[in-house]
file start_8.txt (compact mmCIF, C-alpha atoms)
# COMPACT_ATOMS: atom_id res chain seq x y z
CA MET A 1 52.96 -29.54 36.70
CA ALA A 2 49.25 -29.69 36.08
CA THR A 3 45.96 -29.08 37.82
CA ARG A 4 43.51 -31.95 37.64
CA GLN A 5 40.06 -32.82 38.90
CA PHE A 6 39.72 -35.60 41.47
CA ILE A 7 37.06 -37.14 43.69
CA MET A 8 38.00 -36.64 47.35
CA ASN A 9 36.91 -39.08 50.04
CA ALA A 10 37.56 -38.21 53.65
CA GLY A 11 37.42 -40.93 56.30
CA ARG A 12 38.84 -42.26 59.52
CA THR A 13 41.89 -44.44 60.11
CA THR A 14 42.84 -46.69 63.03
CA LYS A 15 45.98 -44.66 63.62
CA GLN A 16 43.89 -41.51 63.91
CA GLY A 17 41.44 -43.19 66.30
CA ARG A 18 44.31 -44.24 68.57
CA GLN A 19 45.82 -40.76 68.45
CA ILE A 20 42.52 -39.16 69.50
CA ASN A 21 42.88 -40.97 72.83
CA VAL A 22 46.39 -39.57 73.25
CA GLY A 23 45.37 -36.09 72.15
CA LYS A 24 45.23 -34.09 68.96
CA ASP A 25 47.57 -31.40 70.14
CA ASN A 26 50.72 -32.80 68.56
CA ALA A 27 52.68 -33.21 65.34
CA GLU A 28 51.64 -36.86 64.80
CA TYR A 29 47.95 -35.93 64.56
CA GLU A 30 48.72 -33.02 62.27
CA GLU A 31 50.73 -35.27 59.97
CA MET A 32 47.83 -37.75 59.76
CA VAL A 33 45.25 -35.16 58.79
CA THR A 34 47.47 -33.45 56.21
CA THR A 35 48.43 -36.61 54.32
CA LEU A 36 46.75 -37.17 50.97
CA ILE A 37 46.66 -40.72 49.60
CA MET A 38 46.81 -40.89 45.83
CA HIS A 39 47.25 -43.39 42.99
CA PRO A 40 50.89 -43.39 41.74
CA ASP A 41 49.82 -42.73 38.13
CA ASP A 42 47.96 -39.62 39.30
CA ILE A 43 50.97 -38.37 41.27
CA GLU A 44 53.06 -38.60 38.13
CA ASP A 45 50.30 -37.11 36.01
CA ILE A 46 50.07 -33.88 37.99
CA GLY A 47 53.86 -33.62 38.15
CA ALA A 48 54.14 -34.18 41.89
CA SER A 49 56.18 -36.71 43.83
CA VAL A 50 55.79 -38.73 47.02
CA GLY A 51 56.34 -36.43 49.99
CA ALA A 52 55.70 -33.27 47.96
CA SER A 53 53.13 -30.67 49.00
CA VAL A 54 50.04 -30.25 46.88
CA ARG A 55 47.20 -27.74 46.96
CA VAL A 56 43.67 -29.14 47.10
CA ARG A 57 40.90 -26.77 46.13
CA SER A 58 37.16 -27.40 46.37
CA GLU A 59 34.29 -25.00 45.71
CA ASN A 60 34.33 -24.23 49.45
CA GLY A 61 37.99 -23.68 50.25
CA GLU A 62 41.49 -24.96 49.88
CA GLY A 63 44.22 -26.64 51.89
CA THR A 64 47.77 -27.92 51.53
CA PHE A 65 48.51 -31.62 51.93
CA VAL A 66 51.50 -33.93 51.64
CA CYS A 67 51.19 -36.41 48.82
CA GLN A 68 51.61 -40.13 49.56
CA GLU A 69 51.30 -43.16 47.33
CA HIS A 70 48.46 -45.59 48.05
CA GLY A 71 48.96 -49.22 49.08
CA GLY A 72 49.96 -48.56 52.67
CA LYS A 73 47.85 -49.00 55.78
CA GLU A 74 45.15 -46.71 54.42
CA GLY A 75 44.45 -49.08 51.50
CA LYS A 76 44.22 -48.33 47.80
CA VAL A 77 42.41 -45.71 45.76
CA PRO A 78 41.47 -46.00 42.10
CA PRO A 79 42.93 -43.44 39.63
CA GLY A 80 41.03 -40.17 39.90
CA MET A 81 40.26 -40.53 43.61
CA VAL A 82 42.15 -39.31 46.69
CA PHE A 83 41.74 -40.19 50.36
CA ILE A 84 42.39 -37.89 53.35
CA ALA A 85 41.82 -38.59 57.05
CA TYR A 86 39.20 -36.29 58.59
CA GLY A 87 40.58 -33.25 60.38
CA PRO A 88 40.71 -29.46 60.40
CA PRO A 89 42.19 -29.28 56.86
CA THR A 90 39.30 -31.30 55.37
CA CYS A 91 36.81 -29.06 57.26
CA LYS A 92 37.93 -26.22 55.00
CA LEU A 93 37.08 -28.26 51.90
CA MET A 94 33.64 -29.46 53.02
CA GLY A 95 30.44 -27.72 52.05
CA GLN A 96 28.10 -26.22 54.62
CA SER A 97 24.87 -27.48 53.09
CA THR A 98 23.38 -30.63 54.58
CA ASP A 99 20.69 -30.88 51.85
CA GLY A 100 18.05 -30.75 54.57
CA THR A 101 19.36 -33.93 56.24
CA GLY A 102 21.48 -32.48 59.05
CA MET A 103 24.43 -34.44 57.67
CA PRO A 104 27.25 -32.72 55.76
CA THR A 105 28.58 -34.28 52.57
CA SER A 106 32.02 -35.44 53.64
CA LYS A 107 32.69 -37.86 50.80
CA GLY A 108 32.67 -37.61 47.04
CA TRP A 109 33.74 -33.98 46.68
CA GLU A 110 35.09 -32.81 43.33
CA VAL A 111 38.41 -31.12 43.99
CA GLU A 112 41.28 -29.70 41.97
CA ILE A 113 44.79 -30.73 42.90
CA GLU A 114 48.05 -29.12 41.85
CA PRO A 115 51.61 -29.34 43.15
CA LEU A 116 52.92 -26.31 45.01
CA ALA A 117 55.27 -24.22 42.89
CA ALA A 118 58.97 -24.32 43.78
CA GLY A 119 59.63 -22.03 46.71
CA GLU A 120 55.94 -21.78 47.61
CA ALA A 121 55.61 -22.50 51.30
CA PRO A 122 52.83 -24.89 52.36
CA ALA A 123 50.08 -23.12 54.29
CA GLU A 124 50.19 -23.66 58.02
CA VAL A 125 47.36 -25.72 59.42
CA GLU A 126 45.43 -23.48 61.74
CA THR A 127 45.06 -24.98 65.17
CA GLU A 128 44.12 -21.82 67.01
CA SER A 129 41.32 -19.42 66.35
CA MET B 130 8.10 -49.09 53.21
CA GLY B 131 9.96 -47.72 56.19
CA GLY B 132 11.77 -48.93 59.26
CA LYS B 133 14.79 -51.08 59.93
CA VAL B 134 14.76 -54.87 60.08
CA THR B 135 17.49 -55.53 62.59
CA CYS B 136 18.83 -57.70 65.40
CA THR B 137 21.60 -57.67 68.00
CA LEU B 138 25.26 -58.33 67.30
CA GLY B 139 24.90 -61.51 69.37
CA GLU B 140 22.46 -62.86 66.79
CA VAL B 141 24.86 -61.89 64.01
CA LYS B 142 27.62 -63.82 65.77
CA ASN B 143 25.47 -66.91 66.29
CA ARG B 144 23.49 -66.95 63.05
CA ALA B 145 24.89 -64.85 60.18
CA ASP B 146 26.37 -66.81 57.27
CA PHE B 147 26.28 -63.92 54.76
CA ILE B 148 27.68 -60.54 55.76
CA ILE B 149 27.76 -57.37 53.68
CA TYR B 150 29.66 -54.19 54.59
CA TRP B 151 28.57 -51.29 52.39
CA GLY B 152 30.44 -47.98 52.51
CA GLY B 153 32.17 -48.88 55.74
CA ASN B 154 35.73 -49.79 56.66
CA PRO B 155 35.57 -51.78 59.90
CA ALA B 156 39.22 -52.86 59.66
CA ASP B 157 40.07 -49.23 60.43
CA CYS B 158 36.99 -47.79 62.11
CA HIS B 159 35.60 -50.76 64.10
CA PRO B 160 38.70 -52.91 64.54
CA LEU B 161 37.02 -55.57 66.74
CA HIS B 162 33.92 -56.01 64.59
CA PHE B 163 35.30 -58.91 62.54
CA SER B 164 36.86 -60.78 65.46
CA ARG B 165 34.13 -60.27 68.04
CA TYR B 166 30.85 -60.35 66.13
CA THR B 167 30.84 -61.01 62.40
CA LEU B 168 33.58 -63.03 60.70
CA ILE B 169 35.88 -64.92 63.05
CA PRO B 170 33.72 -66.15 65.97
CA LYS B 171 32.23 -69.63 65.97
CA GLY B 172 28.48 -69.14 66.44
CA LYS B 173 25.83 -71.52 67.67
CA HIS B 174 24.47 -71.94 64.13
CA VAL B 175 27.78 -71.15 62.40
CA PRO B 176 30.10 -73.65 64.11
CA GLU B 177 32.77 -73.35 61.39
CA GLY B 178 33.43 -69.69 62.22
CA ARG B 179 35.08 -67.80 59.32
CA LYS B 180 34.74 -70.78 56.94
CA GLY B 181 31.00 -70.81 57.47
CA ARG B 182 30.56 -67.16 56.55
CA THR B 183 30.80 -65.18 53.30
CA MET B 184 31.69 -61.50 53.42
CA VAL B 185 31.00 -59.04 50.61
CA LEU B 186 32.51 -55.57 50.77
CA VAL B 187 30.92 -52.81 48.69
CA ASP B 188 32.96 -49.62 48.50
CA VAL B 189 34.34 -47.00 46.14
CA ARG B 190 37.93 -47.85 47.06
CA GLU B 191 39.94 -50.85 48.19
CA THR B 192 40.06 -50.13 51.92
CA PRO B 193 42.06 -52.23 54.42
CA SER B 194 38.80 -54.20 54.99
CA ALA B 195 39.10 -55.59 51.44
CA LYS B 196 41.66 -58.21 52.44
CA HIS B 197 39.09 -59.72 54.83
CA ALA B 198 36.39 -59.90 52.13
CA ASP B 199 35.49 -62.89 49.98
CA ILE B 200 34.07 -60.59 47.31
CA LEU B 201 34.89 -56.92 46.68
CA LEU B 202 32.39 -54.90 44.67
CA GLN B 203 34.02 -51.58 43.78
CA VAL B 204 31.29 -49.10 42.90
CA LYS B 205 31.89 -45.80 41.12
CA PRO B 206 31.59 -42.83 43.52
CA GLY B 207 28.03 -41.57 43.84
CA LYS B 208 26.45 -44.67 42.26
CA ASP B 209 25.36 -46.53 45.42
CA PHE B 210 21.69 -45.64 45.03
CA GLU B 211 21.67 -46.94 41.46
CA VAL B 212 23.30 -50.21 42.55
CA ILE B 213 20.83 -50.75 45.40
CA THR B 214 17.87 -49.97 43.15
CA THR B 215 19.18 -52.47 40.59
CA LEU B 216 19.57 -55.09 43.32
CA ARG B 217 15.97 -54.49 44.43
CA ALA B 218 14.81 -55.04 40.83
CA LEU B 219 16.87 -58.23 40.48
CA VAL B 220 15.55 -59.56 43.79
CA LYS B 221 12.06 -59.33 42.26
CA ASN B 222 13.23 -60.78 38.92
CA GLN B 223 12.53 -57.53 37.06
CA PRO B 224 14.34 -56.83 33.74
CA VAL B 225 17.47 -54.70 34.08
CA ASP B 226 19.46 -52.93 31.36
CA ALA B 227 23.06 -54.22 31.43
CA ALA B 228 24.37 -51.02 29.81
CA ARG B 229 22.88 -48.87 32.58
CA VAL B 230 24.31 -51.20 35.20
CA ALA B 231 27.79 -50.76 33.67
CA GLU B 232 27.62 -47.05 34.56
CA THR B 233 27.90 -48.02 38.23
CA GLY B 234 31.29 -49.66 37.73
CA LEU B 235 29.84 -53.16 38.18
CA THR B 236 28.43 -55.70 35.73
CA LEU B 237 24.96 -57.21 35.63
CA GLU B 238 26.54 -60.65 36.19
CA GLN B 239 28.20 -59.42 39.38
CA LEU B 240 24.93 -58.03 40.71
CA GLN B 241 22.94 -61.14 39.74
CA ASP B 242 25.51 -63.29 41.54
CA PHE B 243 25.25 -60.96 44.57
CA VAL B 244 21.44 -61.28 44.60
CA ASP B 245 21.59 -65.08 44.25
CA ARG B 246 23.96 -65.26 47.22
CA MET B 247 21.74 -62.97 49.31
CA LYS B 248 18.64 -65.04 48.54
CA ASN B 249 20.42 -68.31 49.26
CA ALA B 250 21.83 -67.15 52.60
CA ARG B 251 20.35 -68.64 55.76
CA PHE B 252 20.82 -65.41 57.72
CA GLY B 253 22.12 -62.32 55.98
CA VAL B 254 23.16 -59.00 57.46
CA LEU B 255 23.90 -55.67 55.79
CA PHE B 256 26.10 -53.25 57.73
CA PHE B 257 26.21 -49.81 56.14
CA GLY B 258 28.59 -46.96 56.90
CA MET B 259 29.17 -43.31 56.15
CA GLY B 260 30.27 -44.18 52.61
CA LEU B 261 26.58 -44.68 52.01
CA SER B 262 25.05 -42.09 54.32
CA MET B 263 27.45 -39.15 53.92
CA THR B 264 27.87 -39.29 50.18
CA ARG B 265 25.54 -38.04 47.44
CA GLY B 266 22.05 -39.37 48.08
CA LYS B 267 22.56 -39.55 51.86
CA HIS B 268 19.29 -40.64 53.54
CA MET B 269 17.90 -41.80 50.20
CA ASN B 270 20.80 -44.29 50.01
CA SER B 271 20.15 -45.50 53.56
CA ALA B 272 16.40 -45.78 52.91
CA ALA B 273 17.05 -47.80 49.74
CA ALA B 274 19.39 -50.14 51.65
CA LEU B 275 16.81 -50.63 54.43
CA ALA B 276 14.11 -51.34 51.81
CA LEU B 277 16.36 -53.89 50.04
CA VAL B 278 16.91 -55.74 53.31
CA ALA B 279 13.22 -55.64 54.22
CA GLU B 280 12.29 -57.05 50.79
CA LEU B 281 14.85 -59.85 51.05
CA ASN B 282 12.84 -61.18 53.99
CA ALA B 283 10.35 -62.56 51.44
CA TYR B 284 13.09 -65.10 50.57
CA THR B 285 15.26 -65.56 53.67
CA LYS B 286 16.10 -63.91 56.98
CA PHE B 287 17.97 -60.63 56.37
CA VAL B 288 18.76 -57.76 58.73
CA SER B 289 20.57 -54.41 58.55
CA MET B 290 22.54 -52.24 60.94
CA PRO B 291 24.28 -48.87 60.57
CA MET B 292 27.98 -48.83 61.49
CA ARG B 293 27.76 -46.14 64.15
CA GLY B 294 30.64 -43.85 65.00
CA HIS B 295 33.05 -43.86 67.90
CA GLY B 296 32.18 -42.85 71.44
CA ASN B 297 28.52 -43.14 72.31
CA VAL B 298 26.66 -41.70 69.32
CA THR B 299 24.15 -44.54 69.45
CA GLY B 300 23.49 -43.64 73.10
CA ALA B 301 22.85 -40.01 72.19
CA ASP B 302 20.30 -41.07 69.55
CA VAL B 303 18.61 -43.63 71.79
CA VAL B 304 18.27 -41.28 74.77
CA MET B 305 16.96 -38.47 72.55
CA ARG B 306 14.45 -40.94 71.13
CA TRP B 307 13.01 -42.05 74.45
CA THR B 308 13.01 -38.57 75.94
CA THR B 309 11.69 -36.56 72.95
CA GLY B 310 10.51 -39.14 70.42
CA PHE B 311 13.15 -38.08 67.88
CA PRO B 312 16.80 -39.14 67.43
CA PHE B 313 18.49 -35.81 66.57
CA GLY B 314 17.78 -32.36 65.12
CA VAL B 315 15.38 -31.58 67.99
CA SER B 316 14.50 -28.05 69.08
CA MET B 317 13.11 -27.46 72.58
CA SER B 318 12.90 -23.69 72.08
CA ARG B 319 9.07 -23.69 72.40
CA GLY B 320 9.12 -25.87 75.49
CA TYR B 321 8.20 -29.06 73.63
CA PRO B 322 10.24 -31.10 71.13
CA ARG B 323 10.13 -30.30 67.43
CA PHE B 324 12.08 -32.41 64.93
CA ASN B 325 13.33 -31.09 61.62
CA PRO B 326 16.69 -32.15 60.17
CA GLY B 327 18.13 -29.35 58.07
CA GLU B 328 16.53 -26.76 60.37
CA PHE B 329 17.28 -27.85 63.95
CA SER B 330 20.28 -30.11 63.27
CA THR B 331 23.55 -28.87 64.74
CA ILE B 332 25.47 -28.00 61.58
CA ASP B 333 22.53 -26.15 60.04
CA VAL B 334 21.90 -24.13 63.22
CA LEU B 335 25.59 -23.17 63.47
CA VAL B 336 26.02 -22.36 59.78
CA ARG B 337 22.97 -20.08 59.78
CA GLY B 338 24.16 -18.52 63.05
CA ASP B 339 20.80 -19.14 64.77
CA ASN B 340 22.29 -19.83 68.20
CA ASP B 341 24.17 -17.30 70.32
CA ALA B 342 25.93 -19.84 72.58
CA THR B 343 26.98 -23.50 72.35
CA LEU B 344 27.64 -26.21 74.94
CA VAL B 345 29.80 -29.02 73.51
CA LEU B 346 29.83 -32.34 75.39
CA GLY B 347 32.35 -35.02 74.45
CA ALA B 348 32.70 -33.92 70.84
CA ASP B 349 35.18 -32.04 68.71
CA PRO B 350 33.17 -30.19 66.05
CA GLY B 351 36.17 -27.88 65.55
CA ALA B 352 37.96 -30.78 63.84
CA THR B 353 35.05 -32.36 61.98
CA MET B 354 32.38 -29.87 60.96
CA PRO B 355 32.35 -27.64 57.86
CA GLN B 356 34.39 -24.45 58.33
CA PRO B 357 31.42 -21.99 58.47
CA ALA B 358 30.04 -23.95 61.46
CA ILE B 359 33.45 -23.83 63.17
CA ASP B 360 33.68 -20.08 62.49
CA HIS B 361 30.36 -19.55 64.29
CA LEU B 362 31.59 -21.56 67.31
CA ALA B 363 34.61 -19.25 67.47
CA ARG B 364 32.48 -16.08 67.06
CA THR B 365 30.02 -16.88 69.84
CA PRO B 366 30.48 -18.10 73.43
CA THR B 367 31.30 -21.80 73.30
CA ILE B 368 31.70 -23.97 76.39
CA VAL B 369 33.48 -27.31 76.03
CA LEU B 370 33.48 -30.23 78.46
CA ASP B 371 36.30 -32.57 77.43
CA PRO B 372 39.10 -34.51 79.14
CA LYS B 373 41.58 -33.32 76.50
CA VAL B 374 42.64 -30.19 74.68
CA THR B 375 40.89 -30.32 71.31
CA HIS B 376 40.45 -28.04 68.33
CA THR B 377 37.08 -27.02 69.78
CA SER B 378 38.46 -26.33 73.26
CA ARG B 379 41.04 -24.02 71.68
CA LEU B 380 38.37 -21.84 70.10
CA ALA B 381 36.01 -22.04 73.10
CA ARG B 382 35.59 -19.28 75.68
CA VAL B 383 35.42 -21.88 78.47
CA HIS B 384 36.99 -25.35 78.61
CA ILE B 385 36.13 -27.49 81.64
CA THR B 386 38.34 -30.55 81.97
CA THR B 387 36.25 -33.58 82.89
CA ALA B 388 36.95 -37.21 83.79
CA THR B 389 37.14 -39.66 80.88
CA THR B 390 33.91 -41.65 80.68
CA GLY B 391 34.49 -45.39 80.85
CA ILE B 392 37.95 -44.96 82.39
CA SER B 393 37.43 -42.55 85.28
CA ALA B 394 33.69 -41.95 85.16
CA PRO B 395 30.84 -44.48 85.25
CA GLY B 396 27.87 -44.39 82.92
CA THR B 397 26.04 -46.29 80.23
CA VAL B 398 27.18 -46.68 76.66
CA TYR B 399 24.99 -48.00 73.87
CA ARG B 400 26.57 -50.47 71.48
CA MET B 401 25.77 -49.97 67.77
CA ASP B 402 22.95 -52.54 68.06
CA GLU B 403 21.42 -50.30 70.77
CA ILE B 404 22.25 -52.65 73.65
CA PRO B 405 23.03 -50.55 76.77
CA LEU B 406 26.26 -51.52 78.53
CA PRO B 407 27.25 -50.25 82.00
CA LEU B 408 30.75 -48.78 82.35
CA LYS B 409 32.89 -49.41 85.41
CA PRO B 410 35.62 -46.82 86.01
CA ILE B 411 39.07 -48.33 86.61
CA LEU B 412 41.08 -45.20 87.44
CA GLU B 413 40.35 -42.28 89.72
CA SER B 414 40.35 -38.81 88.25
CA PRO B 415 40.76 -35.44 89.97
CA TYR B 416 38.26 -34.00 87.51
CA PRO B 417 34.45 -34.03 87.80
CA THR B 418 32.33 -36.10 85.44
CA ASP B 419 30.42 -34.50 82.56
CA GLU B 420 27.18 -35.28 84.42
CA GLU B 421 28.31 -33.45 87.58
CA VAL B 422 29.33 -30.37 85.60
CA VAL B 423 26.09 -30.27 83.63
CA HIS B 424 24.06 -30.62 86.86
CA ARG B 425 25.99 -27.77 88.45
CA ILE B 426 25.43 -25.56 85.39
CA LEU B 427 21.73 -26.46 85.47
CA GLU B 428 21.44 -25.50 89.15
CA LYS B 429 22.92 -22.09 88.36
CA VAL B 430 20.65 -21.64 85.34
CA LYS B 431 17.61 -22.39 87.52
CA GLU B 432 18.55 -19.48 89.79
CA LYS B 433 18.10 -17.08 86.89
CA PRO B 434 14.64 -15.57 86.27
CA ALA B 435 12.66 -17.29 83.52
CA TRP B 436 12.89 -15.62 80.10
CA THR B 437 9.89 -17.38 78.55
CA PRO B 438 7.13 -14.97 77.48
CA ALA B 439 4.04 -15.31 79.69
CA SER B 440 1.87 -16.39 76.74
CA TYR B 441 4.09 -19.46 76.16
CA LYS B 442 3.21 -20.79 79.59
CA GLU B 443 -0.37 -21.26 78.47
CA VAL B 444 0.61 -23.72 75.73
CA PRO B 445 -0.37 -27.17 77.01
CA CYS B 446 2.40 -29.73 77.08
CA ALA B 447 1.84 -32.91 75.10

call {"tool": "encode", "arguments": {"input": "start_8.txt", "output": "structure tokens"}}
result
Amino acid sequence: MATRQFIMNAGRTTKQGRQINVGKDNAEYEEMVTTLIMHPDDIEDIGASVGASVRVRSENGEGTFVCQEHGGKEGKVPPGMVFIAYGPPTCKLMGQSTDGTGMPTSKGWEVEIEPLAAGEAPAEVETES
Amino acid sequence: MGGKVTCTLGEVKNRADFIIYWGGNPADCHPLHFSRYTLIPKGKHVPEGRKGRTMVLVDVRETPSAKHADILLQVKPGKDFEVITTLRALVKNQPVDAARVAETGLTLEQLQDFVDRMKNARFGVLFFGMGLSMTRGKHMNSAAALALVAELNAYTKFVSMPMRGHGNVTGADVVMRWTTGFPFGVSMSRGYPRFNPGEFSTIDVLVRGDNDATLVLGADPGATMPQPAIDHLARTPTIVLDPKVTHTSRLARVHITTATTGISAPGTVYRMDEIPLPLKPILESPYPTDEEVVHRILEKVKEKPAWTPASYKEVPCA
């Protein structure tokens, strides 16, 4: 197992857009926003596996995501980059500065990713204040 | 140079033979864009439809839109500004260092070919998304893209258009523009509009904790904004008007369920090319519309005594 630096891009997916019209208060939405899309070489490199939980840490916070290989409906990512659908877990990783533009930086964050240790429970995604 | 050289999506459909998507993924985020306006339709001056159009996708990753593209230019993250600046130099036949270009993840040959295609287009259009405007460089990236398009008009017809988000974000900007003169980040706290992104924009106000109450209309900042902004929404009285339970409604003190606009409530929505479209409701709802609720809140607010200091009343309105 190893910790490695990655570039994180958060974005929207069609599946997520459809689900917003159904409602976000369900397991399907939660699964979408806690899935991390990664290059297969990177998954192997950090010692994780498809379906395993990984910890993503940025300078602003951290969250737990489920690792998935790229090439599915969300497209491909180059080695060294990960993709996550926008949602409450990515809010914890984003910075609060808008650089005077009013717009947060939601893409291109440098993050550290490591697999969760055996027996370490993934953090619950907070849905209530 | 400032401003946006643009057109309507109808003109894109009928005229565009060269289409660029930069930092956007319409296959996922605007699923009807290709079929209704840009790639598939047969236009008046593009009778061949898809065969008469070339699409270039510029992105940091191979999104689902890539399979619809004729050319994919995969840029290194954070290098969009450098690529656009290089393109602007090549458009004007200025010398460019191939080694510096290589740092962007693309080659000089690729960019020269891109420029030649843009110049030789009959009607080109650049759509740019949040991959350009919400990554490092932000408004500088957008400004560079708008300048590139404006400069291309010395050689052919070229236009640009931002790929606006879901719902009616374009409408919010347009209405703010014709009511206050500014698109967003407007403060009315002195009784007249003041515009300053970074100071009056929503995230900055929430993160600094400047406001002591928030009214959220048809948005879910609790699932999209940076955590410190969400924390402030939870700390202070937040009122949410939304047809559904959302992350924001869960942390709000008050959630008023309203009718879904466009399905159960009429109104006007602005398409991303700023064309206003009327909405006809197709289903009845037991809930009031957002407009009715806001009007009722406003009536109650008017009953309260004014808080404005007397000296403020002497400031002449523009």

call {"tool": "closest_atom_pairs", "arguments": {"input": "start_8.txt", "of": "chain B", "to": "chain A", "cutoff": "8 Å", "atoms": "only C-alpha atoms", "output": "JSON lines"}}
result
{"residue": "B:Ala156", "atom": "CA", "partner": "A:Thr14", "partner_atom": "CA", "distance": 7.9}
{"residue": "B:Asp157", "atom": "CA", "partner": "A:Thr14", "partner_atom": "CA", "distance": 4.6}
{"residue": "B:Cys158", "atom": "CA", "partner": "A:Thr14", "partner_atom": "CA", "distance": 6.0}
{"residue": "B:Pro160", "atom": "CA", "partner": "A:Thr14", "partner_atom": "CA", "distance": 7.6}
{"residue": "B:Arg190", "atom": "CA", "partner": "A:Val77", "partner_atom": "CA", "distance": 5.1}
{"residue": "B:Glu191", "atom": "CA", "partner": "A:Lys76", "partner_atom": "CA", "distance": 5.0}
{"residue": "B:Thr192", "atom": "CA", "partner": "A:Gly75", "partner_atom": "CA", "distance": 4.5}
{"residue": "B:Pro193", "atom": "CA", "partner": "A:Gly75", "partner_atom": "CA", "distance": 4.9}
{"residue": "B:Pro206", "atom": "CA", "partner": "A:Gly108", "partner_atom": "CA", "distance": 6.4}
{"residue": "B:Gly207", "atom": "CA", "partner": "A:Gly108", "partner_atom": "CA", "distance": 6.9}
{"residue": "B:Gly260", "atom": "CA", "partner": "A:Lys107", "partner_atom": "CA", "distance": 7.0}
{"residue": "B:Met263", "atom": "CA", "partner": "A:Thr105", "partner_atom": "CA", "distance": 5.2}
{"residue": "B:Thr264", "atom": "CA", "partner": "A:Lys107", "partner_atom": "CA", "distance": 5.1}
{"residue": "B:Arg265", "atom": "CA", "partner": "A:Thr105", "partner_atom": "CA", "distance": 7.0}
{"residue": "B:Lys267", "atom": "CA", "partner": "A:Thr101", "partner_atom": "CA", "distance": 7.8}
{"residue": "B:His268", "atom": "CA", "partner": "A:Thr101", "partner_atom": "CA", "distance": 7.2}
{"residue": "B:Gly314", "atom": "CA", "partner": "A:Gly102", "partner_atom": "CA", "distance": 7.1}
{"residue": "B:Pro326", "atom": "CA", "partner": "A:Gly102", "partner_atom": "CA", "distance": 4.9}
{"residue": "B:Gly327", "atom": "CA", "partner": "A:Gly100", "partner_atom": "CA", "distance": 3.8}
{"residue": "B:Glu328", "atom": "CA", "partner": "A:Gly100", "partner_atom": "CA", "distance": 7.2}
{"residue": "B:Phe329", "atom": "CA", "partner": "A:Gly102", "partner_atom": "CA", "distance": 7.9}
{"residue": "B:Ser330", "atom": "CA", "partner": "A:Gly102", "partner_atom": "CA", "distance": 5.0}
{"residue": "B:Thr331", "atom": "CA", "partner": "A:Gly102", "partner_atom": "CA", "distance": 7.0}
{"residue": "B:Ile332", "atom": "CA", "partner": "A:Gly102", "partner_atom": "CA", "distance": 6.5}
{"residue": "B:Asp333", "atom": "CA", "partner": "A:Gly102", "partner_atom": "CA", "distance": 6.5}
{"residue": "B:Val336", "atom": "CA", "partner": "A:Gln96", "partner_atom": "CA", "distance": 6.8}
{"residue": "B:Gly351", "atom": "CA", "partner": "A:Pro88", "partner_atom": "CA", "distance": 7.0}
{"residue": "B:Ala352", "atom": "CA", "partner": "A:Pro88", "partner_atom": "CA", "distance": 4.6}
{"residue": "B:Thr353", "atom": "CA", "partner": "A:Gly87", "partner_atom": "CA", "distance": 5.8}
{"residue": "B:Met354", "atom": "CA", "partner": "A:Cys91", "partner_atom": "CA", "distance": 5.8}
{"residue": "B:Pro355", "atom": "CA", "partner": "A:Cys91", "partner_atom": "CA", "distance": 4.7}
{"residue": "B:Gln356", "atom": "CA", "partner": "A:Lys92", "partner_atom": "CA", "distance": 5.2}
{"residue": "B:Pro357", "atom": "CA", "partner": "A:Gln96", "partner_atom": "CA", "distance": 6.6}
{"residue": "B:Ala358", "atom": "CA", "partner": "A:Gln96", "partner_atom": "CA", "distance": 7.5}
{"residue": "B:Ala363", "atom": "CA", "partner": "A:Ser129", "partner_atom": "CA", "distance": 6.8}
{"residue": "B:Lys373", "atom": "CA", "partner": "A:Gly23", "partner_atom": "CA", "distance": 6.4}
{"residue": "B:Val374", "atom": "CA", "partner": "A:Asp25", "partner_atom": "CA", "distance": 6.8}
{"residue": "B:Thr375", "atom": "CA", "partner": "A:Lys24", "partner_atom": "CA", "distance": 6.2}
{"residue": "B:His376", "atom": "CA", "partner": "A:Thr127", "partner_atom": "CA", "distance": 6.4}
{"residue": "B:Arg379", "atom": "CA", "partner": "A:Glu128", "partner_atom": "CA", "distance": 6.0}
{"residue": "B:Leu380", "atom": "CA", "partner": "A:Ser129", "partner_atom": "CA", "distance": 5.3}

call {"tool": "closest_residue", "arguments": {"input": "start_8.txt", "among": "A:Asn26, A:Ala85, A:Ile113, A:Val50", "to": "Gly63 of chain A", "atoms": "all atoms listed in the file"}}
result
A:Ile113

call {"tool": "atom_distance", "arguments": {"input": "start_8.txt", "atom1": "atom CA of Lys221 of chain B", "atom2": "atom CA of Asp188 of chain B"}}
result
23.9 Å

call {"tool": "residues_around", "arguments": {"input": "start_8.txt", "residues": "Met305 of chain B", "least_positions_apart": "2", "cutoff": "12 Å", "atoms": "all atoms listed in the file", "output": "ChimeraX atom specification"}}
result
/B:298-303,307-317,322-324

call {"tool": "residues_around", "arguments": {"input": "start_8.txt", "residues": "Thr3 of chain A", "least_positions_apart": "3", "cutoff": "7 Å", "atoms": "all atoms listed in the file", "output": "VMD selection string"}}
result
chain A and resid 46 112 to 114

call {"tool": "residues_around", "arguments": {"input": "start_8.txt", "residues": "Gly172 of chain B", "least_positions_apart": "4", "cutoff": "8 Å", "atoms": "only C-alpha atoms", "output": "list in words"}}
result
Lys142, Asn143, Arg144, Pro176, Glu177 and Gly178 of chain B

call {"tool": "atom_distance", "arguments": {"input": "start_8.txt", "atom1": "atom CA of Ile392 of chain B", "atom2": "atom CA of Glu413 of chain B"}}
result
8.2 Å

call {"tool": "residues_near_point", "arguments": {"input": "start_8.txt", "point": "(30.8, -63.5, 47.7)", "cutoff": "10 Å", "atoms": "only C-alpha atoms", "output": "list in words"}}
result
Phe147, Ile148, Ile149, Arg182, Thr183, Met184, Val185, Leu186, Ala198, Asp199, Ile200, Leu201, Leu202, Gln239, Asp242, Phe243, Asp245, Arg246 and Met247 of chain B
